[in-house]
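Everything on this sheet refers to the single structure shown next.
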Amino acid sequence: MIKEFVGATSGKFPGRPHRLLRAVAFLISLAALPAAHAALTIEIVGTGATQLPIAVVPFRAEAGLAQPVTPVIASDLARSGLFRMVDSGGLNPPPYEPQDLNYSNWRARGADAVVIGSVAPLSDGRYDVRFRLMDVARQVQLAGFAYTANASQLRLTAHRIADVIYEMLTSGKGVFSTRIAYIVKKGKRYELQVADADGYGAQTVRWSDEPILSPSWSPDGTRLAYVSLEQKKPVVYVQSLMTGQYQAVANYWGSNSAPTWSPDGRTLAVVLSKDGGSQIYFINTDGKGQPRRMTFSSAIDTEPNFSPDGELMLFTSDRGGSPQIYGMPAAGGDPRRLTFEGSYNVTPRFSPDGKSFTFIQRNGGRFNVAVQDMTTRQVQVLTDGAIDESPSFAPNGRMILYATEVRGRGVLSAVSSDGRVKQRLTEDAGDVREPAWGPFPK
Amino acid sequence: MNRILTATVVLFLLALAGCAATPTAEQPGAAVEDRGKPVGPPGVVAAKPKPDTGAKPLVEKPLGAAALRDPGNILSRRSVYFDFDSNLVKDEFRPLVTAHARYLQQNPGAKMRIEGHADERGSREYNIALGQRRSEAVKQMMQLLGARPDQVEPVSFGEEKPKAAGHDEASWAENRRGDIVYQGE
C-alpha cells in the first residue's frame, strides 16, 4: 500500500493518491520479482543546452537496503540530460533534514538544488521513504513527499521521486515511471519485451521463432497490439500485460499489420490486404465485427497514427508516386498530403500535444528521425544515423525513442525534441528494434 | 517401328527435361501437340502420335504433387525476383508463373501462398506493403492464366525474413522476391 503525504510548504503539488497504487499493482501482476540488473543499458551521449546543477544526498539508512533509492534518482535525473549531478559526498554528518543543510556549502559546490531524505523500516516489513527538494539560493523547500513501499517497490518509488523533482525544476512531466516496449532478436528467436524507461526490469511478454514487429501500447498501458509472422503471414494480436493472454484480432485473407490504438482505447486502426493492396481499416479491439475501411486508394496506405484528441489520423501513402505522409479526419474523409521534402517520408507519430509529429525522412540514402510542426510545416531533422527507424515520442513529448544500428548491431536511441540530449540503449544479448514508449502510468 | 517410336519419344522427353532445367530458355508450350516442329537435339524428329500403333498418345497430363518437388521440373522453382521499387513480374519469370498457374488450374484442390519480400531499406511496415504488392502481382498473373482467386493467398513478410543477410545490392536483390509455397508444405 502506498500513501502520499504532502509535507511541502511552498510546493504546489496536487495529491496523487491513486497513480502510484495502480502503477505498482500492474508491476506486481506481471511476474515474480523484477530483475535486479538492467537488460538494457543506457548511456548519455549528448546533454541539454542548459543543465540544472543538482545534488542528491544519499538518504539516511538506505545503505543497507537491497535497493538503495538515491542512485536511481540520480541516474534518472542525469539520464534526462537536463541535470548536472553535483558531488554530494564528503559531508560528516550528511544532511537528512532541512535544518541540517549548510546552504553556503552547497552554493560553493555549485548546486542550485539539493535532495535530502530518509528511509525507515516499518514494523510490517515495509519502508517509509521520504524526501525533500530544497532550493539552494532561496533556502526553501520546493517539494516533499513520503511513501510507504515494500522492498520490490523501492525502484518505482525512486522513479516517482525523480518525476517530482523533474517536474518541479523543468516544468515538464517526468517519464521516469514509464515503460517501453521493444523487440529483441537473439539468433533466430524474437522476444517482445517490456522494461522500465531506465532499462531495468525487462520482461519478455511474448516470444517466437518467427518475427514480431510493430508493438503499440493501448492508451491505458494495460495492453499491447503487435504483428506476428508465426502463422506464416502477418497477423495482428492484442495481448494483456496483466494476464499475459493474447488473441489474434485481425487475421483476414492476406496480410494484417500496423496496429495503432485510438486515444479512447476502443478502436484499432490496422492495415489489411483482404480487398487487394494495403489499405487502412478500423476494427474493434477484440477483433469482433466487421472492419470499417477508411482509405480508398489503389496505392499503399499504411502506418496509421491518431492525434491525441482522436480527430485526425496520419498515415504513410505512396498514392502520389513516392511514400509521403498524409492526414485525414479520423471520422473519414479526404486525405491531405503533409510532407513535401524529398521522396521518402514515412512512419508518422503524433507528439503528445498534437502540435507536431515525428517521422523518418530519407536524405541521400540515410534514414533519419525528423519532426514536422503541424501548423508551420517546418521540418527539423534530429538525427544523423544511417538507418534510423520507428520513432516514438515519450508521453511528455520531450524525447523521441527510435531504433538504429551501431557497428552492425541493432540498438535503441533517444533524442530530445531539440536534438541536443542523446541516449543510447543497448541490449546485452541481441539486436533491439521497434521501440514503443508507453503512456504515463494511470 | 515401335522401338524407333519409343526411342524417339524417350529422347524427346529427355530433351524437354533438359529445356526445363535451363534458367531462361523454357518453352513450356513446346508440347507434343505442336505438329511439324522439330524439338530436341538436331537430327531427332518427333513423330506424331498414331493411335493405331497401340502407343498411348502423348498429351499434356495434369502433373501431380510429385512434380512440385521434382528438381527437374520447373514447378520445383518457387521464387520470382523483382527490381528495386518494382512489382513488375519480369519476362524471365513468366514461364515459372505460367507453370504454377497451370498446375493450380489442373489441380482444383491445390492451394498456395505467395510470400512477398522486400529488401531491408526503409520502414518495416512500408516494406510489408511492398512485399504485398509483389505477391499480389504474381497472383494477378496466375489468375489471368487460370488459377482461381481462392487458390492463391498473397501475403508479405516485408524485410523480416531475408534470404541473404548482407547489406549490399547483391543481398538486396536476392531479398526482393515472391516465394510460392503450396498448402501442406
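Ligands are numbered from 1 in the order shown, residues from 1 within each chain, and chains are lettered A, B, ... in the order they appear in the C-alpha cells.
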
- Message: Could you tell me which residues of chain B sit within 8 Å of chain A when counting only C-alpha atoms, and give me the result as a PyMOL selection string?
- Response: chain B and resi 115+121-123+125-126+129-130+132-133+136+153-157+160-161

Store the residues picked out above in a file with C-alpha atoms, as a PDB file, in the first residue's frame.
ATOM      1  CA  GLU B 115       5.131 -14.793 -49.754  1.00  0.00           C
ATOM      2  CA  ARG B 121      15.905  -0.450 -46.574  1.00  0.00           C
ATOM      3  CA  GLY B 122      13.225   1.714 -45.031  1.00  0.00           C
ATOM      4  CA  SER B 123      10.248   1.342 -42.747  1.00  0.00           C
ATOM      5  CA  GLU B 125       5.571  -1.612 -42.305  1.00  0.00           C
ATOM      6  CA  TYR B 126       6.036   0.070 -45.664  1.00  0.00           C
ATOM      7  CA  ALA B 129       3.172  -3.367 -48.045  1.00  0.00           C
ATOM      8  CA  LEU B 130       5.838  -3.510 -50.787  1.00  0.00           C
ATOM      9  CA  GLN B 132       2.371  -7.483 -50.516  1.00  0.00           C
ATOM     10  CA  ARG B 133       2.376  -5.640 -53.823  1.00  0.00           C
ATOM     11  CA  GLU B 136      -0.314  -9.688 -55.497  1.00  0.00           C
ATOM     12  CA  GLU B 153      -3.288 -16.213 -50.874  1.00  0.00           C
ATOM     13  CA  PRO B 154      -0.885 -13.315 -51.301  1.00  0.00           C
ATOM     14  CA  VAL B 155       0.914 -12.420 -48.072  1.00  0.00           C
ATOM     15  CA  SER B 156       4.014 -10.459 -47.176  1.00  0.00           C
ATOM     16  CA  PHE B 157       6.989 -10.851 -44.913  1.00  0.00           C
ATOM     17  CA  GLU B 160      11.653  -9.684 -41.931  1.00  0.00           C
ATOM     18  CA  LYS B 161      12.798 -12.956 -43.490  1.00  0.00           C
TER      19      LYS B 161
END

- Message: If DSSP is run on the backbone, what residues of segment 109-156 of chain A are alpha helix (DSSP H)? A reply as a list in words would be ideal.
- Response: Arg109, Leu154, Arg155 and Leu156 of chain A

- Query: Any idea what's packed within 12 Å of Leu425 of chain A, counting only C-alpha atoms, ignoring anything in its chain fewer than 6 positions away? Could you give it as JSON, numbers by chain?
  - Reply: {"A": [38, 39, 40, 41, 42, 43, 44, 45, 79, 180, 182, 195, 197, 198, 199, 200, 401, 402, 403, 404, 405, 406, 409, 410, 411, 412, 413, 414, 415, 431, 432, 433, 435]}

Hey, can you spit out that residue selection with C-alpha atoms as an mmCIF file, in the first residue's frame?
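Ended up saving to again30.cif:
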data_model
loop_
_atom_site.group_PDB
_atom_site.id
_atom_site.type_symbol
_atom_site.label_atom_id
_atom_site.label_comp_id
_atom_site.auth_asym_id
_atom_site.auth_seq_id
_atom_site.Cartn_x
_atom_site.Cartn_y
_atom_site.Cartn_z
ATOM 1 C CA ALA A 38 19.421 -3.943 -16.473
ATOM 2 C CA ALA A 39 18.943 -5.915 -19.642
ATOM 3 C CA LEU A 40 19.025 -2.605 -21.491
ATOM 4 C CA THR A 41 21.977 -0.374 -20.755
ATOM 5 C CA ILE A 42 21.502 3.344 -21.295
ATOM 6 C CA GLU A 43 24.331 5.800 -21.823
ATOM 7 C CA ILE A 44 24.135 9.538 -22.319
ATOM 8 C CA VAL A 45 25.881 10.719 -25.452
ATOM 9 C CA ARG A 79 19.842 10.484 -17.989
ATOM 10 C CA ILE A 180 8.976 0.951 -23.022
ATOM 11 C CA TYR A 182 10.624 -3.257 -27.954
ATOM 12 C CA ALA A 195 11.089 -2.674 -19.463
ATOM 13 C CA ALA A 197 12.189 3.533 -19.060
ATOM 14 C CA ASP A 198 15.665 3.161 -17.497
ATOM 15 C CA GLY A 199 16.077 -0.296 -18.975
ATOM 16 C CA TYR A 200 15.590 -2.217 -15.745
ATOM 17 C CA LEU A 401 12.897 6.902 -28.835
ATOM 18 C CA TYR A 402 13.916 5.188 -32.065
ATOM 19 C CA ALA A 403 15.794 2.225 -33.492
ATOM 20 C CA THR A 404 19.139 2.485 -35.204
ATOM 21 C CA GLU A 405 22.264 0.476 -35.918
ATOM 22 C CA VAL A 406 25.670 0.976 -34.422
ATOM 23 C CA ARG A 409 24.091 -4.061 -34.125
ATOM 24 C CA GLY A 410 20.503 -3.025 -33.638
ATOM 25 C CA VAL A 411 20.250 -0.584 -30.745
ATOM 26 C CA LEU A 412 17.728 1.950 -29.498
ATOM 27 C CA SER A 413 18.481 5.619 -29.192
ATOM 28 C CA ALA A 414 16.630 8.565 -27.789
ATOM 29 C CA VAL A 415 16.922 12.199 -28.770
ATOM 30 C CA ASP A 431 19.592 -6.762 -31.622
ATOM 31 C CA VAL A 432 16.918 -4.368 -30.410
ATOM 32 C CA ARG A 433 14.349 -2.786 -32.702
ATOM 33 C CA PRO A 435 10.571 0.540 -29.730
#

- Can you pull out every residue within 9 Å of Val164 of chain A, counting only C-alpha atoms, but drop anything in the same chain fewer than 5 positions away, and send it as a PyMOL selection string? chain A and resi 13+143-144+159+169+173-174

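A straight line drawn from atom CA of Thr98 of chain B to atom CA of Ala66 of chain B is 17.8 Å long.
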
- Task: Would you kindly return, as a list in words, each protein, DNA or RNA residue with an atom no farther than 9 Å from any atom of Gly244 of chain A, considering only C-alpha atoms and excluding same-chain residues fewer than 2 positions away?
- Result: Leu30, Val205, Arg206, Gln239, Ser240, Leu241, Met242 and Tyr246 of chain A

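With distances restricted to only C-alpha atoms, B:Arg113 is the closest residue to Pro149 of chain B from B:Arg134, B:Arg177, B:Arg113, B:Arg124.
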
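Shell of Met142 of chain B at 9 Å, with only C-alpha atoms counted and residues fewer than 6 places along the chain excluded, is Val97, Thr98, His100, Ala101, Arg102, Leu104, Arg148, Pro149 and Val152 of chain B.
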
Taking C-alpha atoms for each residue, export the selection above as a CSV table (one decimal), in the first residue's frame.
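Generated output (selection-v9.csv):
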chain,number,residue,atom,x,y,z
B,97,VAL,CA,4.4,-18.3,-63.1
B,98,THR,CA,2.6,-19.9,-66.0
B,100,HIS,CA,2.4,-22.9,-61.4
B,101,ALA,CA,-0.9,-21.3,-62.7
B,102,ARG,CA,-1.4,-24.3,-64.9
B,104,LEU,CA,-3.4,-24.9,-60.0
B,148,ARG,CA,-8.9,-19.4,-59.1
B,149,PRO,CA,-8.5,-16.5,-56.7
B,152,VAL,CA,-3.7,-18.1,-54.1

- Message: Restricting the calculation to only C-alpha atoms: of B:Ile180, B:Gly158, B:Lys163, B:Glu169, which residue gets closest to Ala99 of chain B?
- Response: B:Ile180

- Mind checking which residues fall within 8 Å of Arg176 of chain B, counting only C-alpha atoms, ignoring those fewer than 4 positions away in the same chain, and posting them as a count of residues only? 10

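Nearest to Pro215 of chain A of all the residues A:Ala436, A:Val379, A:Ile283, A:Ala394 is A:Ala436, based on only C-alpha atoms.
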
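Of the listed residues (B:Arg78, B:Asp150, B:Asn73, B:Ala165), B:Arg78 comes nearest to Asp179 of chain B; the distances count only C-alpha atoms.
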